$ cat input.tsv   # TSV, C-alpha atoms
chain	number	residue	atom	x	y	z
A	14	MET	CA	88.99	9.51	206.41
A	15	LYS	CA	90.60	9.56	209.80
A	16	ARG	CA	89.76	13.17	210.13
A	17	LEU	CA	86.17	12.46	209.32
A	18	LEU	CA	86.09	9.72	211.92
A	19	ALA	CA	87.52	12.13	214.43
A	20	LEU	CA	84.51	14.33	213.78
A	21	VAL	CA	82.09	11.61	214.82
A	22	PRO	CA	82.56	12.04	218.60
A	23	ALA	CA	82.34	15.77	218.13
A	24	ALA	CA	79.06	15.34	216.25
A	25	LEU	CA	77.73	13.05	218.95
A	26	LEU	CA	78.77	15.54	221.56
A	27	SER	CA	76.91	18.31	219.83
A	28	PHE	CA	73.80	16.14	219.74
A	29	GLY	CA	74.10	15.88	223.48
A	30	LEU	CA	74.31	19.64	223.70
A	31	LEU	CA	71.22	20.05	221.57
A	32	ALA	CA	69.32	17.63	223.77
A	33	ASN	CA	70.37	19.62	226.79
A	34	GLU	CA	69.05	22.77	225.29
A	35	ALA	CA	65.50	21.45	225.16
A	36	ALA	CA	65.51	20.68	228.88
A	37	PRO	CA	64.03	23.88	230.40
A	38	LEU	CA	60.54	22.75	229.30
A	39	ALA	CA	60.50	20.30	232.16
A	40	GLU	CA	62.95	21.89	234.51
A	41	ASP	CA	61.56	19.95	237.42
A	42	PRO	CA	60.02	16.66	236.26
A	43	VAL	CA	58.39	16.01	239.65
A	44	VAL	CA	56.60	19.35	239.61
A	45	GLU	CA	55.54	18.86	235.98
A	46	GLN	CA	54.20	15.41	236.72
A	47	ARG	CA	52.10	16.68	239.60
A	48	LEU	CA	50.98	19.62	237.48
A	49	VAL	CA	49.74	17.29	234.73
A	50	HIS	CA	48.03	15.09	237.32
A	51	ILE	CA	46.21	17.97	239.04
A	52	ALA	CA	45.44	19.91	235.89
A	53	GLY	CA	43.91	16.79	234.33
A	54	GLU	CA	41.22	16.89	237.03
A	55	LEU	CA	40.38	20.52	236.43
A	56	ARG	CA	38.21	22.13	233.80
A	57	CYS	CA	39.43	24.93	231.62
A	58	LEU	CA	36.79	27.65	231.87
A	59	VAL	CA	37.42	29.02	228.42
A	60	CYS	CA	36.95	25.79	226.48
A	61	GLN	CA	34.78	24.00	228.95
A	62	ASN	CA	35.20	20.52	227.53
A	63	GLU	CA	38.96	20.60	227.85
A	64	SER	CA	40.99	19.99	230.95
A	65	LEU	CA	43.39	22.55	232.27
A	66	ALA	CA	46.22	20.21	231.33
A	67	GLY	CA	45.24	19.99	227.67
A	68	SER	CA	43.95	23.45	226.93
A	69	GLN	CA	45.94	25.96	224.93
A	70	ALA	CA	43.77	28.88	226.01
A	71	ASP	CA	45.65	31.83	227.46
A	72	LEU	CA	43.87	31.57	230.77
A	73	ALA	CA	44.77	27.89	231.03
A	74	LYS	CA	48.44	28.76	230.53
A	75	ASP	CA	48.22	31.38	233.27
A	76	LEU	CA	46.47	28.97	235.59
A	77	ARG	CA	49.07	26.28	234.94
A	78	ARG	CA	51.69	28.85	235.87
A	79	GLU	CA	49.83	29.55	239.13
A	80	VAL	CA	49.43	25.84	239.88
A	81	ARG	CA	53.13	25.27	239.18
A	82	GLY	CA	53.94	28.05	241.63
A	83	LEU	CA	51.70	26.53	244.30
A	84	ILE	CA	53.28	23.11	243.84
A	85	LYS	CA	56.74	24.61	244.24
A	86	GLU	CA	55.56	26.27	247.45
A	87	GLY	CA	54.86	22.75	248.67
A	88	LYS	CA	51.05	22.90	248.60
A	89	SER	CA	49.16	19.61	248.58
A	90	ASP	CA	46.88	18.57	245.69
A	91	GLU	CA	43.85	19.42	247.82
A	92	GLU	CA	45.16	22.89	248.61
A	93	VAL	CA	45.80	23.56	244.93
A	94	LYS	CA	42.26	22.51	244.05
A	95	ASP	CA	40.84	24.64	246.86
A	96	PHE	CA	42.75	27.60	245.47
A	97	LEU	CA	40.95	27.25	242.16
A	98	VAL	CA	37.54	26.35	243.59
A	99	SER	CA	37.58	29.43	245.82
A	100	ARG	CA	38.00	31.56	242.71
A	101	TYR	CA	36.11	29.76	239.98
A	102	GLY	CA	33.64	27.61	241.93
A	103	ASP	CA	32.95	23.88	241.99
A	104	PHE	CA	32.50	23.98	238.24
A	105	VAL	CA	36.27	23.69	237.72
A	106	LEU	CA	36.30	20.23	239.26
A	107	TYR	CA	35.61	17.41	236.84
A	108	ARG	CA	34.87	15.24	239.87
A	109	PRO	CA	32.63	17.28	242.14
A	110	GLN	CA	33.00	16.88	245.90
A	111	VAL	CA	30.31	14.99	247.80
A	112	LYS	CA	28.44	17.55	249.91
A	113	PRO	CA	24.80	18.54	250.50
A	114	GLU	CA	24.52	20.52	247.23
A	115	THR	CA	25.84	17.60	245.21
A	116	TYR	CA	23.94	14.75	246.89
A	117	LEU	CA	21.34	14.80	244.13
A	118	LEU	CA	24.06	14.80	241.48
A	119	TRP	CA	25.81	11.77	242.97
A	120	GLY	CA	22.67	9.96	244.13
A	121	GLY	CA	20.40	10.83	241.20
A	122	PRO	CA	21.46	7.94	238.93
A	123	PHE	CA	20.90	5.43	241.75
A	124	ILE	CA	17.48	6.91	242.54
A	125	LEU	CA	16.57	6.57	238.87
A	126	LEU	CA	17.86	2.99	238.82
A	127	VAL	CA	15.78	2.01	241.85
A	128	ALA	CA	12.70	3.77	240.43
A	129	GLY	CA	13.23	1.90	237.15
A	130	ILE	CA	13.48	-1.47	238.91
A	131	ILE	CA	10.31	-0.78	240.93
A	132	ALA	CA	8.44	0.22	237.77
A	133	LEU	CA	9.67	-2.87	235.93
A	134	VAL	CA	8.71	-5.26	238.74
A	135	SER	CA	5.24	-3.77	239.19
A	136	TYR	CA	4.66	-3.84	235.43
A	137	LEU	CA	5.66	-7.50	235.18
A	138	ARG	CA	3.41	-8.43	238.12
A	139	ARG	CA	0.43	-6.65	236.62
A	140	ARG	CA	1.00	-8.32	233.28
A	141	ASN	CA	1.06	-11.75	234.94
A	142	ARG	CA	-2.22	-10.98	236.66
A	143	LEU	CA	-3.87	-9.83	233.41
A	144	ALA	CA	-2.98	-13.06	231.59
A	145	PRO	CA	-4.02	-15.91	233.91
A	146	ASP	CA	-2.81	-19.32	233.01
A	147	THR	CA	-6.20	-21.04	232.43
A	148	PRO	CA	-6.26	-23.87	229.90
A	149	LEU	CA	-9.08	-24.07	227.32
A	150	THR	CA	-12.07	-26.16	228.10
A	151	GLU	CA	-12.91	-29.19	225.95
A	152	GLU	CA	-15.74	-27.26	224.30
A	153	GLU	CA	-13.49	-24.32	223.44
A	154	LYS	CA	-10.85	-26.63	221.96
A	155	LYS	CA	-13.43	-28.19	219.70
A	156	ARG	CA	-14.68	-24.79	218.55
A	157	ALA	CA	-11.13	-23.71	217.79
A	158	ALA	CA	-10.49	-26.83	215.76
A	159	ASP	CA	-13.74	-26.31	213.83
A	160	LEU	CA	-12.81	-22.74	213.06
A	161	LEU	CA	-9.38	-23.74	211.80
A	162	LYS	CA	-10.88	-26.44	209.63
A	163	ALA	CA	-13.52	-24.13	208.17
A	164	ASP	CA	-10.76	-21.67	207.30
A	165	SER	CA	-8.72	-24.12	205.25
B	3	MET	CA	-7.13	7.37	226.89
B	4	ASN	CA	-5.27	6.62	230.10
B	5	LYS	CA	-2.75	4.70	228.09
B	6	PHE	CA	-1.59	7.87	226.38
B	7	LEU	CA	-1.68	10.10	229.42
B	8	LEU	CA	1.48	8.71	231.02
B	9	PRO	CA	3.76	8.89	227.93
B	10	LEU	CA	2.36	12.33	227.16
B	11	GLY	CA	3.11	13.44	230.70
B	12	ILE	CA	6.67	12.13	230.50
B	13	PHE	CA	7.11	13.81	227.13
B	14	ILE	CA	5.93	17.17	228.48
B	15	VAL	CA	8.25	16.94	231.49
B	16	LEU	CA	11.18	16.07	229.18
B	17	VAL	CA	10.43	18.97	226.86
B	18	ALA	CA	10.23	21.32	229.83
B	19	LEU	CA	13.56	20.10	231.22
B	20	LEU	CA	15.25	20.39	227.83
B	21	ALA	CA	13.79	23.85	227.27
B	22	VAL	CA	15.25	25.05	230.57
B	23	GLY	CA	18.56	23.29	229.96
B	24	LEU	CA	19.01	24.65	226.47
B	25	ASN	CA	18.25	28.19	227.57
B	26	LEU	CA	20.85	28.19	230.32
B	27	ASN	CA	24.08	29.81	229.33
B	28	PRO	CA	26.96	27.43	230.12
B	29	ARG	CA	29.36	30.35	230.25
B	30	GLU	CA	27.58	31.82	233.24
B	31	VAL	CA	29.27	29.94	236.00
B	32	PRO	CA	28.04	31.14	239.41
B	33	SER	CA	30.88	32.90	241.13
B	34	PRO	CA	31.86	31.64	244.58
B	35	LEU	CA	33.08	35.16	245.33
B	36	ILE	CA	29.65	36.68	245.81
B	37	GLY	CA	29.16	37.64	249.45
B	38	LYS	CA	32.90	37.42	250.06
B	39	PRO	CA	35.38	40.27	250.54
B	40	ALA	CA	36.95	41.45	247.30
B	41	PRO	CA	40.47	39.94	247.09
B	42	ALA	CA	43.19	42.44	247.94
B	43	PHE	CA	45.82	43.47	245.40
B	44	THR	CA	48.02	46.41	244.56
B	45	VAL	CA	48.87	47.15	240.95
B	46	PRO	CA	50.15	50.20	239.07
B	47	GLN	CA	47.75	52.44	237.18
B	48	LEU	CA	47.51	52.46	233.40
B	49	HIS	CA	48.18	56.14	232.80
B	50	SER	CA	50.64	56.78	235.59
B	51	PRO	CA	52.70	53.68	236.47
B	52	GLU	CA	54.16	55.37	239.56
B	53	LYS	CA	50.71	55.47	241.16
B	54	THR	CA	49.09	52.30	242.43
B	55	PHE	CA	45.57	51.12	243.07
B	56	SER	CA	44.27	48.79	245.74
B	57	PRO	CA	40.62	47.89	246.48
B	58	GLN	CA	41.17	49.22	249.99
B	59	ASP	CA	41.27	52.71	248.51
B	60	MET	CA	37.57	52.32	247.77
B	61	LEU	CA	36.41	51.28	251.26
B	62	GLY	CA	33.36	53.27	252.31
B	63	LYS	CA	32.10	53.55	248.74
B	64	VAL	CA	29.88	51.41	246.58
B	65	TRP	CA	31.80	50.88	243.35
B	66	LEU	CA	31.85	48.94	240.11
B	67	PHE	CA	34.93	46.95	239.22
B	68	ASN	CA	35.00	46.37	235.49
B	69	VAL	CA	37.59	44.09	233.89
B	70	TRP	CA	38.38	44.96	230.27
B	71	ALA	CA	41.12	44.80	227.66
B	72	SER	CA	41.85	46.49	224.35
B	73	TRP	CA	41.99	43.06	222.64
B	74	CYS	CA	38.53	42.10	223.90
B	75	VAL	CA	35.83	42.32	221.28
B	76	SER	CA	32.78	42.28	223.56
B	77	CYS	CA	34.33	45.07	225.64
B	78	ARG	CA	33.83	47.34	222.67
B	79	GLU	CA	30.19	46.40	222.63
B	80	GLU	CA	29.84	47.17	226.32
B	81	HIS	CA	31.91	50.33	226.35
B	82	PRO	CA	29.37	52.92	225.15
B	83	ILE	CA	26.95	51.71	227.82
B	84	LEU	CA	29.58	52.24	230.50
B	85	VAL	CA	30.52	55.65	229.11
B	86	GLU	CA	26.92	56.74	229.26
B	87	PHE	CA	26.37	55.26	232.72
B	88	ALA	CA	29.50	56.98	234.05
B	89	ARG	CA	27.96	60.34	233.07
B	90	THR	CA	25.21	59.84	235.64
B	91	GLY	CA	27.91	59.75	238.34
B	92	MET	CA	25.92	57.18	240.29
B	93	VAL	CA	28.90	54.97	241.18
B	94	PRO	CA	32.61	55.23	240.59
B	95	ILE	CA	33.73	52.69	237.99
B	96	VAL	CA	37.18	51.23	238.34
B	97	GLY	CA	38.36	49.62	235.09
B	98	LEU	CA	41.04	46.98	235.37
B	99	ASP	CA	42.98	46.70	232.12
B	100	TYR	CA	43.55	42.95	231.98
B	101	LYS	CA	46.55	41.32	230.24
B	102	ASP	CA	47.05	44.21	227.93
B	103	LYS	CA	49.85	46.34	226.58
B	104	ARG	CA	50.08	49.72	228.22
B	105	GLU	CA	50.04	51.70	224.96
B	106	ASP	CA	47.16	49.64	223.55
B	107	GLY	CA	45.04	50.22	226.64
B	108	GLN	CA	45.73	53.94	226.66
B	109	ARG	CA	45.01	54.28	222.96
B	110	TRP	CA	41.78	52.32	223.32
B	111	LEU	CA	40.47	54.60	226.07
B	112	ALA	CA	41.52	57.71	224.15
B	113	ARG	CA	39.60	56.47	221.14
B	114	PHE	CA	36.41	55.14	222.74
B	115	GLY	CA	36.17	57.39	225.82
B	116	ASN	CA	37.15	56.79	229.41
B	117	PRO	CA	34.29	56.02	231.81
B	118	TYR	CA	36.64	55.00	234.61
B	119	SER	CA	37.59	57.01	237.64
B	120	ILE	CA	40.71	54.88	238.07
B	121	VAL	CA	42.32	52.43	235.65
B	122	PRO	CA	44.51	49.83	237.37
B	123	PHE	CA	46.76	47.80	235.07
B	124	ASP	CA	47.04	44.01	235.45
B	125	ALA	CA	49.82	43.10	233.03
B	126	ASP	CA	50.18	39.39	233.82
B	127	GLY	CA	46.58	38.57	234.74
B	128	ARG	CA	47.26	37.67	238.38
B	129	VAL	CA	44.51	39.97	239.68
B	130	GLY	CA	42.15	38.42	237.16
B	131	ILE	CA	42.88	34.96	238.55
B	132	ASP	CA	42.18	36.12	242.11
B	133	TYR	CA	38.83	37.46	240.96
B	134	GLY	CA	37.97	34.32	239.00
B	135	VAL	CA	37.98	36.14	235.66
B	136	TYR	CA	37.77	33.77	232.72
B	137	GLY	CA	36.19	35.82	229.98
B	138	VAL	CA	36.45	39.58	229.77
B	139	PRO	CA	34.46	41.73	230.19
B	140	GLU	CA	33.42	40.91	233.72
B	141	THR	CA	32.03	43.36	236.23
B	142	TYR	CA	31.76	43.22	240.01
B	143	LEU	CA	29.64	45.40	242.26
B	144	ILE	CA	31.42	45.93	245.56
B	145	ASP	CA	29.77	47.45	248.63
B	146	LYS	CA	31.03	49.93	251.22
B	147	ALA	CA	32.56	47.19	253.35
B	148	GLY	CA	34.48	45.81	250.36
B	149	VAL	CA	32.23	42.77	249.85
B	150	ILE	CA	31.38	41.57	246.34
B	151	ARG	CA	27.60	41.73	245.91
B	152	PHE	CA	27.07	41.02	242.24
B	153	LYS	CA	29.01	39.74	239.27
B	154	GLN	CA	28.21	40.18	235.62
B	155	ILE	CA	29.95	37.80	233.26
B	156	GLY	CA	30.14	39.14	229.74
B	157	PRO	CA	29.15	42.59	228.56
B	158	ILE	CA	26.80	44.74	230.61
B	159	THR	CA	23.61	45.31	228.67
B	160	PRO	CA	21.17	48.19	229.28
B	161	GLU	CA	18.81	45.58	230.70
B	162	VAL	CA	21.31	44.28	233.27
B	163	LEU	CA	22.15	47.84	234.19
B	164	GLU	CA	18.56	48.84	234.76
B	165	LYS	CA	17.21	45.68	236.34
B	166	LYS	CA	20.14	44.55	238.45
B	167	ILE	CA	22.97	47.01	238.88
B	168	ILE	CA	21.11	50.30	239.43
B	169	PRO	CA	18.58	48.88	241.97
B	170	LEU	CA	21.37	47.14	243.87
B	171	VAL	CA	23.51	50.32	243.92
B	172	GLN	CA	20.57	52.28	245.29
B	173	GLU	CA	19.93	49.67	247.93
B	174	LEU	CA	23.58	49.49	248.98
B	175	ASN	CA	23.88	53.27	249.14
B	176	LYS	CA	21.00	53.58	251.62
$ encode --input "input.tsv" --output "structure tokens"
Amino acid sequence: MKRLLALVPAALLSFGLLANEAAPLAEDPVVEQRLVHIAGELRCLVCQNESLAGSQADLAKDLRREVRGLIKEGKSDEEVKDFLVSRYGDFVLYRPQVKPETYLLWGGPFILLVAGIIALVSYLRRRNRLAPDTPLTEEEKKRAADLLKADS
Amino acid sequence: MNKFLLPLGIFIVLVALLAVGLNLNPREVPSPLIGKPAPAFTVPQLHSPEKTFSPQDMLGKVWLFNVWASWCVSCREEHPILVEFARTGMVPIVGLDYKDKREDGQRWLARFGNPYSIVPFDADGRVGIDYGVYGVPETYLIDKAGVIRFKQIGPITPEVLEKKIIPLVQELNK
């Protein structure tokens, strides 16, 4: 029994060793964190609805390797994004930059909203004009009552 | 009558927009490299690793830069067209073997024919990244000054060759 107990620390120690062995995946947690942050904002061009961070496509792996390299060289997030945009175009950015070509993209929804409000207001005004609030005359009321009576 | 004209108009505009949108190919992302100098690189050649290739070697010539791989299915579709086009000798075609194994690339060319004047070998895909390659085959037309003038994403079809590449080559060679 004592011998077995003596094995316990050894077993625990070996667990520690195993845990150490898995480490190379995130050899530099700071770099990996920035990689995940940047890659989450970038589109994978092979599976276009996936981000570069989540994609398992070969190209995405290569690009993550490049981005990792750039981060280690001390490039800023903007510089890393510029690196990819200069090669693959604005399409890689999930959040396109605001510049003359993208004004319509950014402003379009607001233009539509304003147009919708104008259309709604003018429609409501016209409808109010079409249905003026004039009460029935005495004669009309009597006719209506007669009609209702005749019906029942 | 007027009541129906407006909804009908909106409907027609919507259908037109959808028709255009659905016919666009989402894989054809416009390349920011067009009109820019072809990125420089130096890589070994497929058949003789001791020799290298660099785009600078082609300065003064109009040339096609085709990116292919033995594992790429659409490259096989494109290949006979390139082989036939190479016979005309109109432009030198440089074929970058992208993320391939040396033996596989060599075997592939031996089997299907080699339309390329030079075959650089990009083992780890770094050159591909510099050229914005995301789906082989891709083909660039580069002018005498080393500027990219046209990019074809996906296989070259006889139509693309006749309507775009050949006229542009003739114009650039003037």
$ atom_distance --input "input.tsv" --atom1 "atom CA of His50 of chain A" --atom2 "atom CA of Leu65 of chain A"
10.1 Å
$ interface_residues --input "input.tsv" --of "chain B" --to "chain A" --cutoff "9 Å" --atoms "all atoms listed in the file" --output "PyMOL selection string"
chain B and resi 28-29+31-35+126-128+131-137
$ residues_around --input "input.tsv" --residues "segment 67-83 of chain B" --least-positions-apart "2" --cutoff "8 Å" --atoms "only C-alpha atoms" --output "list of chain:residue names"
B:Trp65, B:Val85, B:Glu86, B:Phe87, B:Ile95, B:Val96, B:Gly97, B:Leu98, B:Asp99, B:Tyr100, B:Lys101, B:Asp102, B:Asp106, B:Gly107, B:Trp110, B:Phe114, B:Gly130, B:Val138, B:Pro139, B:Glu140, B:Thr141, B:Tyr142, B:Leu143, B:Ile144, B:Gly156, B:Pro157, B:Ile158, B:Thr159, B:Pro160
$ atom_distance --input "input.tsv" --atom1 "atom CA of Pro57 of chain B" --atom2 "atom CA of Lys74 of chain A"
26.1 Å
$ atom_distance --input "input.tsv" --atom1 "atom CA of Ile120 of chain B" --atom2 "atom CA of Phe55 of chain B"
7.9 Å
$ closest_residue --input "input.tsv" --among "B:Ile168, B:Ala125, B:Leu19, B:Ile150" --to "Met92 of chain B" --atoms "only C-alpha atoms"
B:Ile168
$ residues_near_point --input "input.tsv" --point "(33.6, 52.8, 254.5)" --cutoff "9 Å" --atoms "all atoms listed in the file" --output "NGL selection string"
:B and (60-64 or 145-148)
$ residues_around --input "input.tsv" --residues "segment 51-56 of chain A" --least-positions-apart "2" --cutoff "8 Å" --atoms "all atoms listed in the file" --output "ChimeraX atom specification"
/A:47-49,58,61-67,77,90,94,104-108
$ axis_aligned_box --input "input.tsv" --around "segment 69-84 of chain B" --padding-each-side "4 Å" --output "AutoDock Vina command-line options"
--center_x 34.5 --center_y 47.5 --center_z 227.6 --size_x 23.0 --size_y 18.8 --size_z 20.6
$ build_atoms --input "input.tsv" --residues "segment 130-163 of chain A" --atoms "N, CA and C atoms" --output "PDB file, in the frame of the given file"
ATOM      1  N   ILE A 130      13.681  -0.074 238.496  1.00  0.00           N
ATOM      2  CA  ILE A 130      13.480  -1.470 238.910  1.00  0.00           C
ATOM      3  C   ILE A 130      12.080  -1.645 239.493  1.00  0.00           C
ATOM      4  N   ILE A 131      11.653  -0.695 240.343  1.00  0.00           N
ATOM      5  CA  ILE A 131      10.310  -0.780 240.930  1.00  0.00           C
ATOM      6  C   ILE A 131       9.257  -0.772 239.822  1.00  0.00           C
ATOM      7  N   ALA A 132       9.416   0.127 238.861  1.00  0.00           N
ATOM      8  CA  ALA A 132       8.440   0.220 237.770  1.00  0.00           C
ATOM      9  C   ALA A 132       8.399  -1.084 236.978  1.00  0.00           C
ATOM     10  N   LEU A 133       9.583  -1.638 236.714  1.00  0.00           N
ATOM     11  CA  LEU A 133       9.670  -2.870 235.930  1.00  0.00           C
ATOM     12  C   LEU A 133       8.967  -4.019 236.666  1.00  0.00           C
ATOM     13  N   VAL A 134       9.276  -4.173 237.957  1.00  0.00           N
ATOM     14  CA  VAL A 134       8.710  -5.260 238.740  1.00  0.00           C
ATOM     15  C   VAL A 134       7.182  -5.141 238.806  1.00  0.00           C
ATOM     16  N   SER A 135       6.694  -3.924 239.063  1.00  0.00           N
ATOM     17  CA  SER A 135       5.240  -3.770 239.190  1.00  0.00           C
ATOM     18  C   SER A 135       4.563  -4.015 237.844  1.00  0.00           C
ATOM     19  N   TYR A 136       5.226  -3.617 236.761  1.00  0.00           N
ATOM     20  CA  TYR A 136       4.660  -3.840 235.430  1.00  0.00           C
ATOM     21  C   TYR A 136       4.561  -5.342 235.129  1.00  0.00           C
ATOM     22  N   LEU A 137       5.661  -6.057 235.463  1.00  0.00           N
ATOM     23  CA  LEU A 137       5.660  -7.500 235.180  1.00  0.00           C
ATOM     24  C   LEU A 137       4.599  -8.218 235.994  1.00  0.00           C
ATOM     25  N   ARG A 138       4.418  -7.795 237.260  1.00  0.00           N
ATOM     26  CA  ARG A 138       3.410  -8.430 238.120  1.00  0.00           C
ATOM     27  C   ARG A 138       2.019  -8.209 237.558  1.00  0.00           C
ATOM     28  N   ARG A 139       1.762  -6.968 237.133  1.00  0.00           N
ATOM     29  CA  ARG A 139       0.430  -6.650 236.620  1.00  0.00           C
ATOM     30  C   ARG A 139       0.153  -7.461 235.352  1.00  0.00           C
ATOM     31  N   ARG A 140       1.188  -7.585 234.531  1.00  0.00           N
ATOM     32  CA  ARG A 140       1.000  -8.320 233.280  1.00  0.00           C
ATOM     33  C   ARG A 140       0.670  -9.785 233.572  1.00  0.00           C
ATOM     34  N   ASN A 141       1.341 -10.354 234.578  1.00  0.00           N
ATOM     35  CA  ASN A 141       1.060 -11.750 234.940  1.00  0.00           C
ATOM     36  C   ASN A 141      -0.377 -11.917 235.404  1.00  0.00           C
ATOM     37  N   ARG A 142      -0.866 -10.890 236.140  1.00  0.00           N
ATOM     38  CA  ARG A 142      -2.220 -10.980 236.660  1.00  0.00           C
ATOM     39  C   ARG A 142      -3.246 -10.882 235.510  1.00  0.00           C
ATOM     40  N   LEU A 143      -2.933 -10.046 234.518  1.00  0.00           N
ATOM     41  CA  LEU A 143      -3.870  -9.830 233.410  1.00  0.00           C
ATOM     42  C   LEU A 143      -4.007 -11.079 232.540  1.00  0.00           C
ATOM     43  N   ALA A 144      -2.930 -11.881 232.456  1.00  0.00           N
ATOM     44  CA  ALA A 144      -2.980 -13.060 231.590  1.00  0.00           C
ATOM     45  C   ALA A 144      -2.928 -14.331 232.434  1.00  0.00           C
ATOM     46  N   PRO A 145      -4.045 -14.731 233.058  1.00  0.00           N
ATOM     47  CA  PRO A 145      -4.020 -15.910 233.910  1.00  0.00           C
ATOM     48  C   PRO A 145      -3.838 -17.172 233.082  1.00  0.00           C
ATOM     49  N   ASP A 146      -3.198 -18.110 233.725  1.00  0.00           N
ATOM     50  CA  ASP A 146      -2.810 -19.320 233.010  1.00  0.00           C
ATOM     51  C   ASP A 146      -3.938 -20.368 233.054  1.00  0.00           C
ATOM     52  N   THR A 147      -5.089 -20.071 232.388  1.00  0.00           N
ATOM     53  CA  THR A 147      -6.200 -21.040 232.430  1.00  0.00           C
ATOM     54  C   THR A 147      -6.283 -21.770 231.101  1.00  0.00           C
ATOM     55  N   PRO A 148      -6.187 -23.091 231.146  1.00  0.00           N
ATOM     56  CA  PRO A 148      -6.260 -23.870 229.900  1.00  0.00           C
ATOM     57  C   PRO A 148      -7.670 -23.809 229.290  1.00  0.00           C
ATOM     58  N   LEU A 149      -7.778 -24.068 228.002  1.00  0.00           N
ATOM     59  CA  LEU A 149      -9.080 -24.070 227.320  1.00  0.00           C
ATOM     60  C   LEU A 149      -9.902 -25.268 227.762  1.00  0.00           C
ATOM     61  N   THR A 150     -11.193 -25.029 227.791  1.00  0.00           N
ATOM     62  CA  THR A 150     -12.070 -26.160 228.100  1.00  0.00           C
ATOM     63  C   THR A 150     -12.206 -27.039 226.867  1.00  0.00           C
ATOM     64  N   GLU A 151     -12.743 -28.256 227.077  1.00  0.00           N
ATOM     65  CA  GLU A 151     -12.910 -29.190 225.950  1.00  0.00           C
ATOM     66  C   GLU A 151     -13.745 -28.563 224.841  1.00  0.00           C
ATOM     67  N   GLU A 152     -14.821 -27.875 225.269  1.00  0.00           N
ATOM     68  CA  GLU A 152     -15.740 -27.260 224.300  1.00  0.00           C
ATOM     69  C   GLU A 152     -15.034 -26.206 223.443  1.00  0.00           C
ATOM     70  N   GLU A 153     -14.215 -25.392 224.128  1.00  0.00           N
ATOM     71  CA  GLU A 153     -13.490 -24.320 223.440  1.00  0.00           C
ATOM     72  C   GLU A 153     -12.490 -24.913 222.444  1.00  0.00           C
ATOM     73  N   LYS A 154     -11.830 -26.001 222.845  1.00  0.00           N
ATOM     74  CA  LYS A 154     -10.850 -26.630 221.960  1.00  0.00           C
ATOM     75  C   LYS A 154     -11.524 -27.106 220.678  1.00  0.00           C
ATOM     76  N   LYS A 155     -12.704 -27.661 220.856  1.00  0.00           N
ATOM     77  CA  LYS A 155     -13.430 -28.190 219.700  1.00  0.00           C
ATOM     78  C   LYS A 155     -13.813 -27.053 218.751  1.00  0.00           C
ATOM     79  N   ARG A 156     -14.286 -25.947 219.363  1.00  0.00           N
ATOM     80  CA  ARG A 156     -14.680 -24.790 218.550  1.00  0.00           C
ATOM     81  C   ARG A 156     -13.494 -24.250 217.759  1.00  0.00           C
ATOM     82  N   ALA A 157     -12.341 -24.208 218.452  1.00  0.00           N
ATOM     83  CA  ALA A 157     -11.130 -23.710 217.790  1.00  0.00           C
ATOM     84  C   ALA A 157     -10.763 -24.600 216.617  1.00  0.00           C
ATOM     85  N   ALA A 158     -10.833 -25.903 216.830  1.00  0.00           N
ATOM     86  CA  ALA A 158     -10.490 -26.830 215.760  1.00  0.00           C
ATOM     87  C   ALA A 158     -11.448 -26.668 214.582  1.00  0.00           C
ATOM     88  N   ASP A 159     -12.751 -26.511 214.888  1.00  0.00           N
ATOM     89  CA  ASP A 159     -13.740 -26.310 213.830  1.00  0.00           C
ATOM     90  C   ASP A 159     -13.436 -25.068 213.012  1.00  0.00           C
ATOM     91  N   LEU A 160     -13.112 -24.000 213.736  1.00  0.00           N
ATOM     92  CA  LEU A 160     -12.810 -22.740 213.060  1.00  0.00           C
ATOM     93  C   LEU A 160     -11.625 -22.876 212.124  1.00  0.00           C
ATOM     94  N   LEU A 161     -10.581 -23.565 212.609  1.00  0.00           N
ATOM     95  CA  LEU A 161      -9.380 -23.740 211.800  1.00  0.00           C
ATOM     96  C   LEU A 161      -9.688 -24.559 210.556  1.00  0.00           C
ATOM     97  N   LYS A 162     -10.521 -25.575 210.754  1.00  0.00           N
ATOM     98  CA  LYS A 162     -10.880 -26.440 209.630  1.00  0.00           C
ATOM     99  C   LYS A 162     -11.673 -25.675 208.585  1.00  0.00           C
ATOM    100  N   ALA A 163     -12.664 -24.910 209.067  1.00  0.00           N
ATOM    101  CA  ALA A 163     -13.520 -24.130 208.170  1.00  0.00           C
ATOM    102  C   ALA A 163     -12.673 -23.150 207.364  1.00  0.00           C
TER     103      ALA A 163
END
